[in-house]
Amino acid sequence: MLSFPITIQAGLSGYKTEEQNVDNAGYMQAIGEKARRAGQVLANVDTAAKNKALHAIADTLLEKAVWLQAENEKDLVAGREKGLEPAMLDRLALSDKALATMAEGLRQIAELADPVGIISDMKYLPSGIQVGQMRVPLGVIGIIYESRPNVTADAAGLCLKSGNATILRGGSEAIHSNRAIAACVQTGLEIAGLPAECVQVIETTDRAVVGELLRADEFVDVIIPRGGKGLIERVSRESTIPVIKHLDGICHVYIDDEAELDKAVSVAVNSKTQRYGTCNTMETLLVAEGIAAEVLPLLATEFSAKGVELRGCSATRDILPSSVAATEADWGTEYLAPILAVRIVADMSAAIEHINQYGSHHTDTIMTVNINKARQFMRAVDSASVMVNASTRFADGFEYGLGAEIGISTDKLHARGPVGLDGLTSQKYVVFGDGHIRE
């Protein structure tokens, strides 16, 4: 028997903190049953009601800012006592700006087009029937994430707009913050006349309950992990439920021998240095040998000014003697730091071979003015996003016009690339007839 705090009370009168001994499997079954029932209701709710809930949640987050920050302070105090790094504490903090951003994000989701119920590709067949496809919610989505309490609101908003009930399991370091945000979410749902159980937070910090969630395939349709590689590997290994995920962001920029130098330098520098700790940051630079002697010194100057360590192949080090010798491991490393692997390749075919061997199928770019090469690169590179003459940093739901994203998928089923509202839905066939029978 394991213990965990009992479920938060609807509304904002506060949640109880007494401990009760409850079996994890029974606890998860109770949450799953509520989520399934709520999801069935939410799947048939119109857009106006979902938007009303999103605005009500945003309003409640701002109205209860003092209470939210008091709950958040409990997590910050515990984090300081545990010796969490300043960067982690910064991600945990619910500042006035962070709360305003969360509220604005929910209002932006309300402005997005609702994919649910849209019918596409309608066509008449020789039999006389009309066949098309309708977008429908996935059902119940389980989301497992770490440290950032803003994910509780973001994920709840995206799942709500796409008609999905959601079960949220945040990191133990943000337990008080996540509970409080969930209470605001449930209040907003009730204001809009929707079941509070459309969004539920798992309140126990016991890691064993994650295993129960990953096996709850009777109630949960999809699992989405958001966090470090260790978390995603565990989810992928243990889940009996389909998972939308990516493990690594080993992204490449290939500079072809027909690239415009100034643009190639600008894109490569931006791809690496605009932000270091993101999954769409370039980790390996590939350069065609015909242009390497001309472009690498220009890039080395730019990267040196930004404090980026270059780890090069032997041919690269002949041109840039100050670079560190790259090892085989460097070609498959996601640094998330100011370190860049650099390799000179014979031509585009060699670059494609390198990317497909060492990449993580996330995002890769070619810099070239040759449209035929660009088309070949786009066809041959097996990644979720393939770009021509653009920074890898554009691989993002907002930048792709999705408005928001729940994450990036490098899988091929069911969603690939940034996962927005469409990616949180599926399709079913719809058929229209007029008494048609099959002969």
# chains A, B, ... in the order shown; residues from 1 in each chain; ligands from 1
$ closest_atom_pairs --of "region 272-379 of chain A" --to "region 235-256 of chain A" --cutoff "6 Å" --atoms "only C-alpha atoms" --output "CSV"
residue,atom,partner,partner_atom,distance
A:Cys279,CA,A:Gly249,CA,4.4
A:Asn280,CA,A:Gly249,CA,5.9
A:Met282,CA,A:Cys251,CA,4.7
A:Glu283,CA,A:Cys251,CA,5.6
A:Thr284,CA,A:His252,CA,5.0
A:Leu285,CA,A:Val253,CA,5.2
A:Leu286,CA,A:Tyr254,CA,4.5
A:Val287,CA,A:Ile255,CA,4.8
A:Ala288,CA,A:Asp256,CA,5.3
A:Glu334,CA,A:Ile250,CA,5.3
A:Gly359,CA,A:Ile250,CA,5.3
A:Ser360,CA,A:Ile250,CA,5.3
A:His362,CA,A:Gly249,CA,5.8
A:Thr363,CA,A:Cys251,CA,5.2
A:Asp364,CA,A:His252,CA,4.8
A:Thr365,CA,A:Val253,CA,4.7
A:Ile366,CA,A:Tyr254,CA,4.8
A:Met367,CA,A:Ile255,CA,4.9
A:Thr368,CA,A:Asp256,CA,5.5
$ select_by_dssp --residues "region 135-367 of chain A" --states "helix (DSSP H, G or I)" --output "MDAnalysis selection string"
chainID A and resid 150:161 172:191 196:198 208:214 229:238 261:273 289:305 314:319 328:332 348:358
$ residues_around --residues "region 405-413 of chain A" --least-positions-apart "6" --cutoff "8 Å" --atoms "only C-alpha atoms" --output "list of chain:residue names"
A:Asp154, A:Ala155, A:Leu158, A:Arg226, A:Ile244, A:Lys245, A:His246, A:Ser360, A:His361, A:His362, A:Ser383, A:Ala384, A:Asp396, A:Gly397, A:Phe398, A:Val419, A:Gly420, A:Leu421
$ atom_distance --atom1 "CA of Gly39 (chain A)" --atom2 "CA of Pro137 (chain A)"
8.8 Å
$ residues_around --residues "Pro195 (chain A)" --least-positions-apart "2" --cutoff "12 Å" --atoms "only C-alpha atoms" --output "PyMOL selection string"
chain A and resi 10+34-43+45+49-50+53+160+165-166+185-193+197-200
$ write_last_selection --atoms "N, CA, C and O atoms" --output "compact mmCIF listing (two decimals), in the first residue's frame"
# COMPACT_ATOMS: atom_id res chain seq x y z
N ALA A 10 -12.82 20.47 -6.07
CA ALA A 10 -13.21 21.38 -7.15
C ALA A 10 -13.32 22.78 -6.58
O ALA A 10 -13.69 22.99 -5.44
N LYS A 34 -12.85 8.31 -14.58
CA LYS A 34 -13.37 9.68 -14.63
C LYS A 34 -12.96 10.37 -15.93
O LYS A 34 -13.75 11.09 -16.55
N ALA A 35 -11.70 10.15 -16.33
CA ALA A 35 -11.21 10.77 -17.56
C ALA A 35 -11.96 10.25 -18.77
O ALA A 35 -12.32 11.02 -19.68
N ARG A 36 -12.22 8.94 -18.82
CA ARG A 36 -12.92 8.37 -19.96
C ARG A 36 -14.33 8.95 -20.07
O ARG A 36 -14.78 9.32 -21.16
N ARG A 37 -15.04 9.04 -18.94
CA ARG A 37 -16.39 9.61 -18.97
C ARG A 37 -16.36 11.08 -19.38
O ARG A 37 -17.17 11.53 -20.20
N ALA A 38 -15.41 11.83 -18.82
CA ALA A 38 -15.31 13.25 -19.15
C ALA A 38 -14.94 13.44 -20.62
O ALA A 38 -15.45 14.36 -21.29
N GLY A 39 -14.07 12.59 -21.14
CA GLY A 39 -13.67 12.69 -22.54
C GLY A 39 -14.81 12.45 -23.49
O GLY A 39 -14.91 13.09 -24.54
N GLN A 40 -15.70 11.55 -23.11
CA GLN A 40 -16.87 11.29 -23.96
C GLN A 40 -17.79 12.50 -24.02
O GLN A 40 -18.40 12.77 -25.05
N VAL A 41 -17.87 13.24 -22.91
CA VAL A 41 -18.66 14.47 -22.90
C VAL A 41 -17.95 15.54 -23.73
O VAL A 41 -18.55 16.19 -24.59
N LEU A 42 -16.65 15.71 -23.48
CA LEU A 42 -15.89 16.78 -24.12
C LEU A 42 -15.83 16.62 -25.64
O LEU A 42 -15.81 17.60 -26.38
N ALA A 43 -15.81 15.38 -26.12
CA ALA A 43 -15.73 15.13 -27.56
C ALA A 43 -16.91 15.72 -28.32
O ALA A 43 -16.81 15.99 -29.52
N VAL A 45 -18.63 18.56 -27.25
CA VAL A 45 -18.84 19.94 -26.84
C VAL A 45 -18.51 20.87 -28.00
O VAL A 45 -17.55 20.64 -28.75
N ALA A 49 -18.16 26.60 -26.21
CA ALA A 49 -18.02 26.17 -24.81
C ALA A 49 -16.56 25.94 -24.45
O ALA A 49 -16.11 26.28 -23.35
N LYS A 50 -15.80 25.35 -25.37
CA LYS A 50 -14.38 25.12 -25.10
C LYS A 50 -13.63 26.45 -24.98
O LYS A 50 -12.78 26.62 -24.09
N ALA A 53 -14.34 28.05 -21.66
CA ALA A 53 -13.54 27.43 -20.60
C ALA A 53 -12.10 27.93 -20.62
O ALA A 53 -11.52 28.22 -19.56
N LEU A 160 -7.90 20.42 -24.17
CA LEU A 160 -9.28 20.89 -24.09
C LEU A 160 -9.78 21.35 -25.46
O LEU A 160 -10.86 20.95 -25.92
N ALA A 165 -9.87 14.64 -23.05
CA ALA A 165 -9.61 14.65 -21.61
C ALA A 165 -8.13 14.37 -21.40
O ALA A 165 -7.49 13.72 -22.24
N THR A 166 -7.57 14.85 -20.30
CA THR A 166 -6.15 14.65 -20.08
C THR A 166 -5.85 14.31 -18.63
O THR A 166 -6.51 14.80 -17.71
N VAL A 185 -7.68 25.30 -13.36
CA VAL A 185 -8.20 24.74 -14.60
C VAL A 185 -9.58 24.14 -14.37
O VAL A 185 -10.52 24.38 -15.15
N GLN A 186 -9.74 23.39 -13.28
CA GLN A 186 -11.02 22.75 -13.02
C GLN A 186 -12.11 23.78 -12.70
O GLN A 186 -13.26 23.60 -13.09
N THR A 187 -11.73 24.86 -12.06
CA THR A 187 -12.70 25.93 -11.82
C THR A 187 -13.17 26.54 -13.14
O THR A 187 -14.36 26.77 -13.35
N GLY A 188 -12.22 26.79 -14.05
CA GLY A 188 -12.59 27.33 -15.35
C GLY A 188 -13.49 26.40 -16.13
O GLY A 188 -14.43 26.84 -16.81
N LEU A 189 -13.23 25.11 -16.05
CA LEU A 189 -14.09 24.14 -16.72
C LEU A 189 -15.51 24.19 -16.17
O LEU A 189 -16.49 24.17 -16.93
N GLU A 190 -15.63 24.26 -14.86
CA GLU A 190 -16.96 24.28 -14.25
C GLU A 190 -17.70 25.57 -14.58
O GLU A 190 -18.92 25.57 -14.77
N ILE A 191 -16.98 26.69 -14.67
CA ILE A 191 -17.61 27.95 -15.06
C ILE A 191 -18.25 27.81 -16.45
O ILE A 191 -19.33 28.36 -16.72
N ALA A 192 -17.59 27.05 -17.33
CA ALA A 192 -18.10 26.85 -18.69
C ALA A 192 -19.09 25.69 -18.77
O ALA A 192 -19.56 25.36 -19.86
N GLY A 193 -19.40 25.09 -17.63
CA GLY A 193 -20.37 23.99 -17.63
C GLY A 193 -19.81 22.67 -18.10
O GLY A 193 -20.57 21.78 -18.49
N GLU A 197 -13.43 16.86 -14.41
CA GLU A 197 -12.55 15.71 -14.65
C GLU A 197 -11.98 15.68 -16.07
O GLU A 197 -11.22 14.77 -16.40
N CYS A 198 -12.32 16.67 -16.88
CA CYS A 198 -11.67 16.76 -18.20
C CYS A 198 -10.16 16.93 -18.04
O CYS A 198 -9.39 16.53 -18.93
N VAL A 199 -9.73 17.53 -16.94
CA VAL A 199 -8.30 17.69 -16.66
C VAL A 199 -8.06 17.23 -15.22
O VAL A 199 -8.64 17.77 -14.28
N GLN A 200 -7.21 16.22 -15.06
CA GLN A 200 -6.88 15.72 -13.72
C GLN A 200 -5.36 15.66 -13.57
O GLN A 200 -4.64 15.33 -14.51
$ residues_around --residues "Val324 (chain A)" --least-positions-apart "4" --cutoff "8 Å" --atoms "only C-alpha atoms" --output "list in words"
Glu309, Leu310, Arg311, Gly312 and Arg317 of chain A
$ closest_residue --among "A:Ser120, A:Asp318, A:Pro126, A:Val210" --to "Ile144 (chain A)" --atoms "only C-alpha atoms"
A:Val210
$ residues_around --residues "region 274-277 of chain A" --least-positions-apart "6" --cutoff "8 Å" --atoms "only C-alpha atoms" --output "PDB file with C-alpha atoms, in the first residue's frame"
ATOM      1  CA  LEU A 336      22.597  21.290 -25.679  1.00  0.00           C
ATOM      2  CA  ALA A 337      25.633  23.482 -25.094  1.00  0.00           C
ATOM      3  CA  PRO A 338      28.034  25.793 -27.003  1.00  0.00           C
ATOM      4  CA  ARG A 393      15.385  26.833 -35.083  1.00  0.00           C
TER       5      ARG A 393
END
$ closest_residue --among "A:Ile57, A:Val151, A:Ala103, A:Met134" --to "Met122 (chain A)" --atoms "only C-alpha atoms"
A:Met134
$ closest_residue --among "A:Glu81, A:Asp330, A:Asp75, A:Glu212" --to "Met28 (chain A)" --atoms "only C-alpha atoms"
A:Glu212
